>>> print(open('model_3.cif').read())   # mmCIF, C-alpha atoms
data_structure
loop_
_atom_site.group_PDB
_atom_site.id
_atom_site.type_symbol
_atom_site.label_atom_id
_atom_site.label_comp_id
_atom_site.auth_asym_id
_atom_site.auth_seq_id
_atom_site.Cartn_x
_atom_site.Cartn_y
_atom_site.Cartn_z
ATOM 1 C CA MET Q 1 0.000 0.000 0.000
ATOM 2 C CA SER Q 2 1.368 3.385 -0.793
ATOM 3 C CA LYS Q 3 -1.370 5.912 -0.202
ATOM 4 C CA TYR Q 4 -4.535 6.110 1.876
ATOM 5 C CA MET Q 5 -7.226 8.787 1.492
ATOM 6 C CA LEU Q 6 -10.631 9.334 3.084
ATOM 7 C CA PHE Q 7 -13.351 11.311 1.279
ATOM 8 C CA GLU Q 8 -16.382 12.547 3.214
ATOM 9 C CA SER Q 9 -17.595 15.588 1.287
ATOM 10 C CA GLU Q 10 -21.306 16.033 0.549
ATOM 11 C CA VAL Q 11 -20.367 18.342 -2.317
ATOM 12 C CA PHE Q 12 -19.786 16.722 -5.691
ATOM 13 C CA THR Q 13 -16.721 17.774 -7.638
ATOM 14 C CA ASN Q 14 -17.426 16.342 -11.068
ATOM 15 C CA ARG Q 15 -20.639 17.189 -12.918
ATOM 16 C CA GLU Q 16 -20.517 14.207 -15.279
ATOM 17 C CA LEU Q 17 -20.241 11.772 -12.359
ATOM 18 C CA LEU Q 18 -22.974 13.605 -10.442
ATOM 19 C CA VAL Q 19 -25.373 13.210 -13.381
ATOM 20 C CA GLU Q 20 -24.401 9.525 -13.724
ATOM 21 C CA ALA Q 21 -25.037 8.970 -10.003
ATOM 22 C CA LEU Q 22 -28.455 10.661 -10.206
ATOM 23 C CA LYS Q 23 -29.395 8.487 -13.194
ATOM 24 C CA GLU Q 24 -28.368 5.390 -11.233
ATOM 25 C CA MET Q 25 -30.825 6.539 -8.566
ATOM 26 C CA GLY Q 26 -33.620 6.591 -11.127
ATOM 27 C CA PHE Q 27 -33.802 10.265 -12.099
ATOM 28 C CA GLU Q 28 -34.213 10.220 -15.860
ATOM 29 C CA ASN Q 29 -34.700 13.851 -16.815
ATOM 30 C CA ILE Q 30 -31.737 15.886 -15.684
ATOM 31 C CA THR Q 31 -31.135 19.351 -17.087
ATOM 32 C CA VAL Q 32 -27.605 20.708 -17.198
ATOM 33 C CA GLY Q 33 -26.870 24.373 -17.845
ATOM 34 C CA THR Q 34 -25.867 27.631 -16.229
ATOM 35 C CA ASP Q 35 -27.870 29.637 -13.698
ATOM 36 C CA ILE Q 36 -31.106 27.718 -14.248
ATOM 37 C CA LEU Q 37 -33.928 29.173 -12.157
ATOM 38 C CA LEU Q 38 -35.414 26.593 -9.810
ATOM 39 C CA GLN Q 39 -39.202 26.401 -9.646
ATOM 40 C CA GLY Q 40 -41.198 25.991 -6.478
ATOM 41 C CA TYR Q 41 -39.198 28.292 -4.217
ATOM 42 C CA ASP Q 42 -40.200 31.595 -2.641
ATOM 43 C CA LYS Q 43 -39.851 34.456 -5.125
ATOM 44 C CA ARG Q 44 -37.957 36.406 -2.460
ATOM 45 C CA ASP Q 45 -35.486 33.556 -2.247
ATOM 46 C CA GLN Q 46 -35.005 32.507 -5.848
ATOM 47 C CA ARG Q 47 -32.472 29.768 -6.342
ATOM 48 C CA LEU Q 48 -30.220 29.114 -9.314
ATOM 49 C CA ALA Q 49 -28.487 25.860 -10.156
ATOM 50 C CA GLU Q 50 -26.373 24.157 -12.814
ATOM 51 C CA VAL Q 51 -27.825 20.647 -12.537
ATOM 52 C CA VAL Q 52 -31.608 20.466 -12.202
ATOM 53 C CA ILE Q 53 -34.285 17.813 -11.826
ATOM 54 C CA ARG Q 54 -37.636 19.441 -12.552
ATOM 55 C CA ARG Q 55 -40.290 18.549 -9.990
ATOM 56 C CA GLU Q 56 -42.846 17.602 -12.670
ATOM 57 C CA SER Q 57 -40.391 15.081 -14.160
ATOM 58 C CA ILE Q 58 -40.291 12.981 -10.986
ATOM 59 C CA LYS Q 59 -42.673 10.081 -11.410
ATOM 60 C CA ASN Q 60 -45.272 9.074 -8.836
ATOM 61 C CA GLN Q 61 -44.450 11.898 -6.419
ATOM 62 C CA ARG Q 62 -45.473 15.527 -6.109
ATOM 63 C CA PHE Q 63 -42.558 17.688 -5.096
ATOM 64 C CA TYR Q 64 -42.849 21.254 -3.775
ATOM 65 C CA GLY Q 65 -39.751 22.375 -5.645
ATOM 66 C CA ASP Q 66 -37.130 21.357 -8.207
ATOM 67 C CA ILE Q 67 -34.043 19.546 -7.024
ATOM 68 C CA GLY Q 68 -30.919 21.465 -7.944
ATOM 69 C CA PHE Q 69 -27.160 21.406 -7.608
ATOM 70 C CA GLN Q 70 -25.463 24.764 -7.434
ATOM 71 C CA LYS Q 71 -21.825 25.154 -8.432
ATOM 72 C CA THR Q 72 -19.607 26.363 -5.598
ATOM 73 C CA LYS Q 73 -15.838 26.569 -5.227
ATOM 74 C CA GLN Q 74 -15.777 23.075 -3.739
ATOM 75 C CA GLY Q 75 -18.187 21.509 -6.251
ATOM 76 C CA TYR Q 76 -21.898 20.969 -6.816
ATOM 77 C CA SER Q 77 -24.003 21.470 -3.711
ATOM 78 C CA LEU Q 78 -27.587 20.196 -3.222
ATOM 79 C CA ILE Q 79 -30.568 22.575 -3.140
ATOM 80 C CA VAL Q 80 -33.820 20.959 -2.133
ATOM 81 C CA ASP Q 81 -36.968 21.928 -0.269
ATOM 82 C CA ASP Q 82 -36.741 20.721 3.352
ATOM 83 C CA LEU Q 83 -40.108 18.945 3.170
ATOM 84 C CA ASP Q 84 -39.218 17.272 -0.126
ATOM 85 C CA LEU Q 85 -36.028 16.010 1.469
ATOM 86 C CA SER Q 86 -37.606 14.638 4.620
ATOM 87 C CA ASN Q 87 -40.918 13.386 3.203
ATOM 88 C CA ARG Q 88 -40.110 12.353 -0.356
ATOM 89 C CA LEU Q 89 -36.420 11.835 -1.020
ATOM 90 C CA GLY Q 90 -35.654 10.646 2.487
ATOM 91 C CA SER Q 91 -33.200 12.165 4.921
ATOM 92 C CA ASP Q 92 -30.520 9.698 3.758
ATOM 93 C CA PHE Q 93 -30.715 11.003 0.181
ATOM 94 C CA LEU Q 94 -27.268 12.610 0.252
ATOM 95 C CA LYS Q 95 -25.676 9.459 1.686
ATOM 96 C CA ARG Q 96 -27.230 7.358 -1.087
ATOM 97 C CA LEU Q 97 -26.114 9.890 -3.686
ATOM 98 C CA GLN Q 98 -22.583 9.879 -2.258
ATOM 99 C CA THR Q 99 -22.536 6.078 -2.537
ATOM 100 C CA GLN Q 100 -23.595 6.209 -6.193
ATOM 101 C CA TYR Q 101 -21.113 9.014 -6.887
ATOM 102 C CA HIS Q 102 -18.260 7.018 -5.357
ATOM 103 C CA GLU Q 103 -19.207 3.948 -7.400
ATOM 104 C CA ALA Q 104 -19.290 6.106 -10.544
ATOM 105 C CA THR Q 105 -15.825 7.403 -9.613
ATOM 106 C CA ALA Q 106 -14.476 3.846 -9.382
ATOM 107 C CA ARG Q 107 -15.925 3.056 -12.828
ATOM 108 C CA LYS Q 108 -14.362 6.228 -14.254
ATOM 109 C CA MET Q 109 -10.957 5.392 -12.747
ATOM 110 C CA ALA Q 110 -11.118 1.840 -14.152
ATOM 111 C CA LYS Q 111 -11.894 3.278 -17.579
ATOM 112 C CA ASN Q 112 -9.179 5.951 -17.428
ATOM 113 C CA LEU Q 113 -6.554 3.484 -16.242
ATOM 114 C CA ARG Q 114 -7.760 0.783 -18.681
ATOM 115 C CA GLY Q 115 -8.157 -1.511 -15.730
ATOM 116 C CA THR Q 116 -10.581 -4.111 -14.471
ATOM 117 C CA LEU Q 117 -13.202 -3.577 -11.788
ATOM 118 C CA ALA Q 118 -14.470 -6.031 -9.185
ATOM 119 C CA LYS Q 119 -17.314 -5.169 -6.823
ATOM 120 C CA GLN Q 120 -18.255 -6.910 -3.616
ATOM 121 C CA THR Q 121 -20.830 -5.972 -0.982
ATOM 122 C CA VAL Q 122 -20.193 -6.986 2.600
ATOM 123 C CA GLY Q 123 -22.901 -5.802 4.967
ATOM 124 C CA LYS Q 124 -23.172 -2.051 4.582
ATOM 125 C CA THR Q 125 -19.824 -1.699 2.866
ATOM 126 C CA ILE Q 126 -19.214 -1.815 -0.869
ATOM 127 C CA LYS Q 127 -15.694 -2.858 -1.800
ATOM 128 C CA ILE Q 128 -14.534 -2.032 -5.303
ATOM 129 C CA THR Q 129 -11.110 -3.044 -6.554
ATOM 130 C CA VAL Q 130 -9.701 -1.473 -9.695
ATOM 131 C CA LYS Q 131 -6.644 -3.317 -11.036
ATOM 132 C CA TYR Q 132 -4.518 -1.771 -13.732
ATOM 133 C CA MET E 133 -0.157 -5.369 -10.177
ATOM 134 C CA PRO E 134 -1.185 -1.877 -9.047
ATOM 135 C CA GLU E 135 -4.694 -1.460 -7.738
ATOM 136 C CA ILE E 136 -7.004 1.065 -6.156
ATOM 137 C CA GLU E 137 -9.354 -0.175 -3.481
ATOM 138 C CA PHE E 138 -12.540 1.752 -2.710
ATOM 139 C CA LEU E 139 -14.387 1.050 0.533
ATOM 140 C CA ILE E 140 -17.757 2.815 0.432
ATOM 141 C CA ASP E 141 -19.795 2.958 3.617
ATOM 142 C CA THR E 142 -23.408 3.053 2.407
ATOM 143 C CA GLU E 143 -24.611 4.255 5.794
ATOM 144 C CA THR E 144 -22.374 7.311 6.097
ATOM 145 C CA GLY E 145 -21.563 7.902 2.425
ATOM 146 C CA LYS E 146 -17.855 8.028 3.250
ATOM 147 C CA CYS E 147 -15.316 6.569 0.866
ATOM 148 C CA GLU E 148 -11.886 5.242 1.815
ATOM 149 C CA THR E 149 -9.381 4.689 -0.966
ATOM 150 C CA GLU E 150 -6.082 2.861 -0.945
ATOM 151 C CA ILE E 151 -3.657 2.865 -3.809
ATOM 152 C CA LYS E 152 -1.698 -0.365 -3.552
ATOM 153 C CA GLY E 153 1.217 -1.987 -5.278
ATOM 154 C CA VAL E 154 2.747 1.225 -6.511
ATOM 155 C CA GLN E 155 6.132 1.947 -5.012
ATOM 156 C CA GLY E 156 7.347 5.497 -4.654
ATOM 157 C CA PRO E 157 5.796 8.678 -6.013
ATOM 158 C CA ALA E 158 4.458 6.823 -9.065
ATOM 159 C CA CYS E 159 1.122 6.588 -7.258
ATOM 160 C CA GLU E 160 0.768 10.380 -7.136
ATOM 161 C CA LYS E 161 -0.756 10.446 -10.607
ATOM 162 C CA ALA E 162 -3.605 8.144 -9.568
ATOM 163 C CA ALA E 163 -4.009 10.060 -6.303
ATOM 164 C CA ARG E 164 -4.243 13.360 -8.192
ATOM 165 C CA GLU E 165 -6.896 11.945 -10.482
ATOM 166 C CA LEU E 166 -8.893 10.654 -7.498
ATOM 167 C CA LYS E 167 -8.797 14.089 -5.860
ATOM 168 C CA GLN E 168 -9.989 15.714 -9.090
ATOM 169 C CA LEU E 169 -13.055 13.475 -9.025
ATOM 170 C CA LEU E 170 -13.713 13.240 -5.275
ATOM 171 C CA GLY E 171 -12.521 16.590 -3.982
ATOM 172 C CA THR E 172 -10.222 17.283 -1.076
ATOM 173 C CA PRO E 173 -9.756 14.282 1.215
ATOM 174 C CA THR E 174 -10.161 14.710 4.952
ATOM 175 C CA VAL E 175 -7.342 12.210 5.485
ATOM 176 C CA ASP E 176 -4.436 11.948 3.068
ATOM 177 C CA ARG E 177 -1.421 9.962 4.153
ATOM 178 C CA LYS E 178 1.461 8.167 2.597
ATOM 179 C CA THR E 179 2.137 4.691 3.831
ATOM 180 C CA LYS E 180 5.377 2.795 4.360
ATOM 181 C CA GLU E 181 5.362 1.416 0.841
ATOM 182 C CA TYR E 182 5.350 4.932 -0.524
ATOM 183 C CA PHE E 183 8.879 5.434 0.736
ATOM 184 C CA VAL E 184 10.265 2.179 -0.649
ATOM 185 C CA LYS E 185 12.708 2.918 -3.431
ATOM 186 C CA PRO E 186 12.048 0.959 -6.622
ATOM 187 C CA GLU E 187 14.521 -1.909 -6.932
ATOM 188 C CA VAL E 188 17.046 -1.448 -9.722
ATOM 189 C CA LYS E 189 18.688 -4.616 -10.962
ATOM 190 C CA GLN E 190 22.232 -4.265 -12.202
ATOM 191 C CA GLN E 191 23.117 -6.339 -15.175
ATOM 192 C CA ILE E 192 26.746 -7.118 -15.892
ATOM 193 C CA LYS E 193 27.369 -7.946 -19.479
ATOM 194 C CA GLY E 194 30.170 -10.292 -20.361
ATOM 195 C CA LYS E 195 32.660 -9.373 -23.043
#
>>> encode(input="model_3.cif", output="structure tokens")
Amino acid sequence: MSKYMLFESEVFTNRELLVEALKEMGFENITVGTDILLQGYDKRDQRLAEVVIRRESIKNQRFYGDIGFQKTKQGYSLIVDDLDLSNRLGSDFLKRLQTQYHEATARKMAKNLRGTLAKQTVGKTIKITVKY
Amino acid sequence: MPEIEFLIDTETGKCETEIKGVQGPACEKAARELKQLLGTPTVDRKTKEYFVKPEVKQQIKGK
């Protein structure tokens, strides 16, 4: 072993991987752009985002507002209505998204390094090995 | 064979990575790429293997 790193951030650095992770979670219609106005928020507190899931595009559920990811210096940060998060997405939404994002990162690294990928789930831990 | 191991805790969302089988600073390239995708790590440490100098075999050619 030559290097160990721990990543805990709830902000997502790479837009392509963020979109891939959201698709893995079942969100099909994802809009990507610049300063997209989010719908469903107070007009006095209008929110802009770069990655957006429109509330009407989410099947089987009625959301109060769009789900957005706003670009910050650290990466893309989640914007969501508090009630949508607790009652519809679930309070563990970010943890699940992080998991998908990390899996997408492993796939990307395997591709970039022209390596092989092996995945194993043990309890609540997913172990992915990329050999190159 | 070099490898990168990802340990993803589905409960906390945290991700531990270990770059293995790469002696010396050669692993920095993979580490840099990981940071570009995952952001700034909260823990970032070199391990013993990092400091092992790659073995150079000397070959003596006969006349």
>>> atom_distance(input="model_3.cif", atom1="CA of Gly40 in chain Q", atom2="CA of Val80 in chain Q")
9.9 Å
>>> atom_distance(input="model_3.cif", atom1="CA of Arg62 in chain Q", atom2="CA of Leu89 in chain Q")
11.0 Å
>>> interface_residues(input="model_3.cif", of="chain E", to="chain Q", cutoff="8 Å", atoms="only C-alpha atoms", output="PDB file with C-alpha atoms, keeping the file's coordinate frame")
ATOM      1  CA  MET E 133      -0.157  -5.369 -10.177  1.00  0.00           C
ATOM      2  CA  PRO E 134      -1.185  -1.877  -9.047  1.00  0.00           C
ATOM      3  CA  GLU E 135      -4.694  -1.460  -7.738  1.00  0.00           C
ATOM      4  CA  ILE E 136      -7.004   1.065  -6.156  1.00  0.00           C
ATOM      5  CA  GLU E 137      -9.354  -0.175  -3.481  1.00  0.00           C
ATOM      6  CA  PHE E 138     -12.540   1.752  -2.710  1.00  0.00           C
ATOM      7  CA  LEU E 139     -14.387   1.050   0.533  1.00  0.00           C
ATOM      8  CA  ILE E 140     -17.757   2.815   0.432  1.00  0.00           C
ATOM      9  CA  ASP E 141     -19.795   2.958   3.617  1.00  0.00           C
ATOM     10  CA  THR E 142     -23.408   3.053   2.407  1.00  0.00           C
ATOM     11  CA  GLU E 143     -24.611   4.255   5.794  1.00  0.00           C
ATOM     12  CA  THR E 144     -22.374   7.311   6.097  1.00  0.00           C
ATOM     13  CA  GLY E 145     -21.563   7.902   2.425  1.00  0.00           C
ATOM     14  CA  LYS E 146     -17.855   8.028   3.250  1.00  0.00           C
ATOM     15  CA  CYS E 147     -15.316   6.569   0.866  1.00  0.00           C
ATOM     16  CA  GLU E 148     -11.886   5.242   1.815  1.00  0.00           C
ATOM     17  CA  THR E 149      -9.381   4.689  -0.966  1.00  0.00           C
ATOM     18  CA  GLU E 150      -6.082   2.861  -0.945  1.00  0.00           C
ATOM     19  CA  ILE E 151      -3.657   2.865  -3.809  1.00  0.00           C
ATOM     20  CA  LYS E 152      -1.698  -0.365  -3.552  1.00  0.00           C
ATOM     21  CA  GLY E 153       1.217  -1.987  -5.278  1.00  0.00           C
ATOM     22  CA  VAL E 154       2.747   1.225  -6.511  1.00  0.00           C
ATOM     23  CA  GLN E 155       6.132   1.947  -5.012  1.00  0.00           C
ATOM     24  CA  GLY E 156       7.347   5.497  -4.654  1.00  0.00           C
ATOM     25  CA  CYS E 159       1.122   6.588  -7.258  1.00  0.00           C
ATOM     26  CA  ALA E 163      -4.009  10.060  -6.303  1.00  0.00           C
ATOM     27  CA  LEU E 166      -8.893  10.654  -7.498  1.00  0.00           C
ATOM     28  CA  GLN E 168      -9.989  15.714  -9.090  1.00  0.00           C
ATOM     29  CA  LEU E 169     -13.055  13.475  -9.025  1.00  0.00           C
ATOM     30  CA  LEU E 170     -13.713  13.240  -5.275  1.00  0.00           C
ATOM     31  CA  GLY E 171     -12.521  16.590  -3.982  1.00  0.00           C
ATOM     32  CA  THR E 172     -10.222  17.283  -1.076  1.00  0.00           C
ATOM     33  CA  PRO E 173      -9.756  14.282   1.215  1.00  0.00           C
ATOM     34  CA  THR E 174     -10.161  14.710   4.952  1.00  0.00           C
ATOM     35  CA  VAL E 175      -7.342  12.210   5.485  1.00  0.00           C
ATOM     36  CA  ASP E 176      -4.436  11.948   3.068  1.00  0.00           C
ATOM     37  CA  ARG E 177      -1.421   9.962   4.153  1.00  0.00           C
ATOM     38  CA  LYS E 178       1.461   8.167   2.597  1.00  0.00           C
ATOM     39  CA  THR E 179       2.137   4.691   3.831  1.00  0.00           C
ATOM     40  CA  LYS E 180       5.377   2.795   4.360  1.00  0.00           C
ATOM     41  CA  GLU E 181       5.362   1.416   0.841  1.00  0.00           C
ATOM     42  CA  TYR E 182       5.350   4.932  -0.524  1.00  0.00           C
ATOM     43  CA  PHE E 183       8.879   5.434   0.736  1.00  0.00           C
TER      44      PHE E 183
END
>>> resolve_selection(input="model_3.cif", expression="the PyMOL selection byres ((chain Q and resi 67-69) around 9)", output="compact mmCIF listing (two decimals) with C-alpha atoms, in the coordinates of the input")
# COMPACT_ATOMS: atom_id res chain seq x y z
CA PHE Q 12 -19.79 16.72 -5.69
CA ILE Q 36 -31.11 27.72 -14.25
CA LEU Q 38 -35.41 26.59 -9.81
CA GLN Q 39 -39.20 26.40 -9.65
CA ARG Q 47 -32.47 29.77 -6.34
CA LEU Q 48 -30.22 29.11 -9.31
CA ALA Q 49 -28.49 25.86 -10.16
CA GLU Q 50 -26.37 24.16 -12.81
CA VAL Q 51 -27.82 20.65 -12.54
CA VAL Q 52 -31.61 20.47 -12.20
CA ILE Q 53 -34.28 17.81 -11.83
CA ARG Q 54 -37.64 19.44 -12.55
CA ARG Q 55 -40.29 18.55 -9.99
CA PHE Q 63 -42.56 17.69 -5.10
CA GLY Q 65 -39.75 22.38 -5.64
CA ASP Q 66 -37.13 21.36 -8.21
CA GLN Q 70 -25.46 24.76 -7.43
CA LYS Q 71 -21.82 25.15 -8.43
CA TYR Q 76 -21.90 20.97 -6.82
CA SER Q 77 -24.00 21.47 -3.71
CA LEU Q 78 -27.59 20.20 -3.22
CA ILE Q 79 -30.57 22.58 -3.14
CA VAL Q 80 -33.82 20.96 -2.13
CA ASP Q 81 -36.97 21.93 -0.27
CA ASP Q 84 -39.22 17.27 -0.13
>>> atom_distance(input="model_3.cif", atom1="CA of Glu165 in chain E", atom2="CA of Val32 in chain Q")
23.5 Å
>>> build_atoms(input="model_3.cif", residues="range 49-77 of chain Q", atoms="N, CA and C atoms", output="PDB file, in the frame of the given file")
ATOM      1  N   ALA Q  49     -29.313  27.080 -10.226  1.00  0.00           N
ATOM      2  CA  ALA Q  49     -28.487  25.860 -10.156  1.00  0.00           C
ATOM      3  C   ALA Q  49     -27.968  25.497 -11.541  1.00  0.00           C
ATOM      4  N   GLU Q  50     -27.004  24.597 -11.562  1.00  0.00           N
ATOM      5  CA  GLU Q  50     -26.373  24.157 -12.814  1.00  0.00           C
ATOM      6  C   GLU Q  50     -26.842  22.752 -13.231  1.00  0.00           C
ATOM      7  N   VAL Q  51     -27.266  21.982 -12.260  1.00  0.00           N
ATOM      8  CA  VAL Q  51     -27.825  20.647 -12.537  1.00  0.00           C
ATOM      9  C   VAL Q  51     -29.207  20.617 -11.892  1.00  0.00           C
ATOM     10  N   VAL Q  52     -30.234  20.332 -12.701  1.00  0.00           N
ATOM     11  CA  VAL Q  52     -31.608  20.466 -12.202  1.00  0.00           C
ATOM     12  C   VAL Q  52     -32.466  19.258 -12.554  1.00  0.00           C
ATOM     13  N   ILE Q  53     -33.247  18.821 -11.577  1.00  0.00           N
ATOM     14  CA  ILE Q  53     -34.285  17.813 -11.826  1.00  0.00           C
ATOM     15  C   ILE Q  53     -35.607  18.537 -11.597  1.00  0.00           C
ATOM     16  N   ARG Q  54     -36.363  18.719 -12.658  1.00  0.00           N
ATOM     17  CA  ARG Q  54     -37.636  19.441 -12.552  1.00  0.00           C
ATOM     18  C   ARG Q  54     -38.640  18.600 -11.761  1.00  0.00           C
ATOM     19  N   ARG Q  55     -39.374  19.275 -10.888  1.00  0.00           N
ATOM     20  CA  ARG Q  55     -40.290  18.549  -9.990  1.00  0.00           C
ATOM     21  C   ARG Q  55     -41.348  17.755 -10.747  1.00  0.00           C
ATOM     22  N   GLU Q  56     -41.798  18.309 -11.916  1.00  0.00           N
ATOM     23  CA  GLU Q  56     -42.846  17.602 -12.670  1.00  0.00           C
ATOM     24  C   GLU Q  56     -42.300  16.351 -13.381  1.00  0.00           C
ATOM     25  N   SER Q  57     -40.970  16.243 -13.465  1.00  0.00           N
ATOM     26  CA  SER Q  57     -40.391  15.081 -14.160  1.00  0.00           C
ATOM     27  C   SER Q  57     -40.235  13.870 -13.233  1.00  0.00           C
ATOM     28  N   ILE Q  58     -40.463  14.087 -11.932  1.00  0.00           N
ATOM     29  CA  ILE Q  58     -40.291  12.981 -10.986  1.00  0.00           C
ATOM     30  C   ILE Q  58     -41.595  12.184 -10.923  1.00  0.00           C
ATOM     31  N   LYS Q  59     -41.484  10.924 -11.288  1.00  0.00           N
ATOM     32  CA  LYS Q  59     -42.673  10.081 -11.410  1.00  0.00           C
ATOM     33  C   LYS Q  59     -43.237   9.696 -10.045  1.00  0.00           C
ATOM     34  N   ASN Q  60     -44.539   9.606  -9.998  1.00  0.00           N
ATOM     35  CA  ASN Q  60     -45.272   9.074  -8.836  1.00  0.00           C
ATOM     36  C   ASN Q  60     -45.188   9.915  -7.562  1.00  0.00           C
ATOM     37  N   GLN Q  61     -44.549  11.071  -7.627  1.00  0.00           N
ATOM     38  CA  GLN Q  61     -44.450  11.898  -6.419  1.00  0.00           C
ATOM     39  C   GLN Q  61     -44.634  13.368  -6.784  1.00  0.00           C
ATOM     40  N   ARG Q  62     -45.275  14.089  -5.882  1.00  0.00           N
ATOM     41  CA  ARG Q  62     -45.473  15.527  -6.109  1.00  0.00           C
ATOM     42  C   ARG Q  62     -44.504  16.290  -5.210  1.00  0.00           C
ATOM     43  N   PHE Q  63     -43.554  16.928  -5.836  1.00  0.00           N
ATOM     44  CA  PHE Q  63     -42.558  17.688  -5.096  1.00  0.00           C
ATOM     45  C   PHE Q  63     -42.969  19.156  -5.007  1.00  0.00           C
ATOM     46  N   TYR Q  64     -42.595  19.817  -3.919  1.00  0.00           N
ATOM     47  CA  TYR Q  64     -42.849  21.254  -3.775  1.00  0.00           C
ATOM     48  C   TYR Q  64     -41.944  22.073  -4.695  1.00  0.00           C
ATOM     49  N   GLY Q  65     -40.708  21.603  -4.841  1.00  0.00           N
ATOM     50  CA  GLY Q  65     -39.751  22.375  -5.645  1.00  0.00           C
ATOM     51  C   GLY Q  65     -38.850  21.475  -6.475  1.00  0.00           C
ATOM     52  N   ASP Q  66     -38.124  22.104  -7.421  1.00  0.00           N
ATOM     53  CA  ASP Q  66     -37.130  21.357  -8.207  1.00  0.00           C
ATOM     54  C   ASP Q  66     -35.979  20.953  -7.293  1.00  0.00           C
ATOM     55  N   ILE Q  67     -35.283  19.933  -7.712  1.00  0.00           N
ATOM     56  CA  ILE Q  67     -34.043  19.546  -7.024  1.00  0.00           C
ATOM     57  C   ILE Q  67     -32.902  20.137  -7.852  1.00  0.00           C
ATOM     58  N   GLY Q  68     -32.005  20.840  -7.197  1.00  0.00           N
ATOM     59  CA  GLY Q  68     -30.919  21.465  -7.944  1.00  0.00           C
ATOM     60  C   GLY Q  68     -29.563  21.242  -7.303  1.00  0.00           C
ATOM     61  N   PHE Q  69     -28.535  21.442  -8.115  1.00  0.00           N
ATOM     62  CA  PHE Q  69     -27.160  21.406  -7.608  1.00  0.00           C
ATOM     63  C   PHE Q  69     -26.468  22.677  -8.101  1.00  0.00           C
ATOM     64  N   GLN Q  70     -26.073  23.474  -7.137  1.00  0.00           N
ATOM     65  CA  GLN Q  70     -25.463  24.764  -7.434  1.00  0.00           C
ATOM     66  C   GLN Q  70     -23.946  24.637  -7.397  1.00  0.00           C
ATOM     67  N   LYS Q  71     -23.293  25.235  -8.384  1.00  0.00           N
ATOM     68  CA  LYS Q  71     -21.825  25.154  -8.432  1.00  0.00           C
ATOM     69  C   LYS Q  71     -21.220  26.103  -7.406  1.00  0.00           C
ATOM     70  N   THR Q  72     -20.344  25.556  -6.580  1.00  0.00           N
ATOM     71  CA  THR Q  72     -19.607  26.363  -5.598  1.00  0.00           C
ATOM     72  C   THR Q  72     -18.111  26.121  -5.843  1.00  0.00           C
ATOM     73  N   LYS Q  73     -17.286  26.760  -5.055  1.00  0.00           N
ATOM     74  CA  LYS Q  73     -15.838  26.569  -5.227  1.00  0.00           C
ATOM     75  C   LYS Q  73     -15.433  25.117  -4.997  1.00  0.00           C
ATOM     76  N   GLN Q  74     -16.136  24.461  -4.077  1.00  0.00           N
ATOM     77  CA  GLN Q  74     -15.777  23.075  -3.739  1.00  0.00           C
ATOM     78  C   GLN Q  74     -16.388  22.059  -4.714  1.00  0.00           C
ATOM     79  N   GLY Q  75     -17.506  22.447  -5.357  1.00  0.00           N
ATOM     80  CA  GLY Q  75     -18.187  21.509  -6.251  1.00  0.00           C
ATOM     81  C   GLY Q  75     -19.678  21.795  -6.293  1.00  0.00           C
ATOM     82  N   TYR Q  76     -20.452  20.786  -6.669  1.00  0.00           N
ATOM     83  CA  TYR Q  76     -21.898  20.969  -6.816  1.00  0.00           C
ATOM     84  C   TYR Q  76     -22.615  20.614  -5.511  1.00  0.00           C
ATOM     85  N   SER Q  77     -23.380  21.589  -5.021  1.00  0.00           N
ATOM     86  CA  SER Q  77     -24.003  21.470  -3.711  1.00  0.00           C
ATOM     87  C   SER Q  77     -25.532  21.378  -3.861  1.00  0.00           C
TER      88      SER Q  77
END
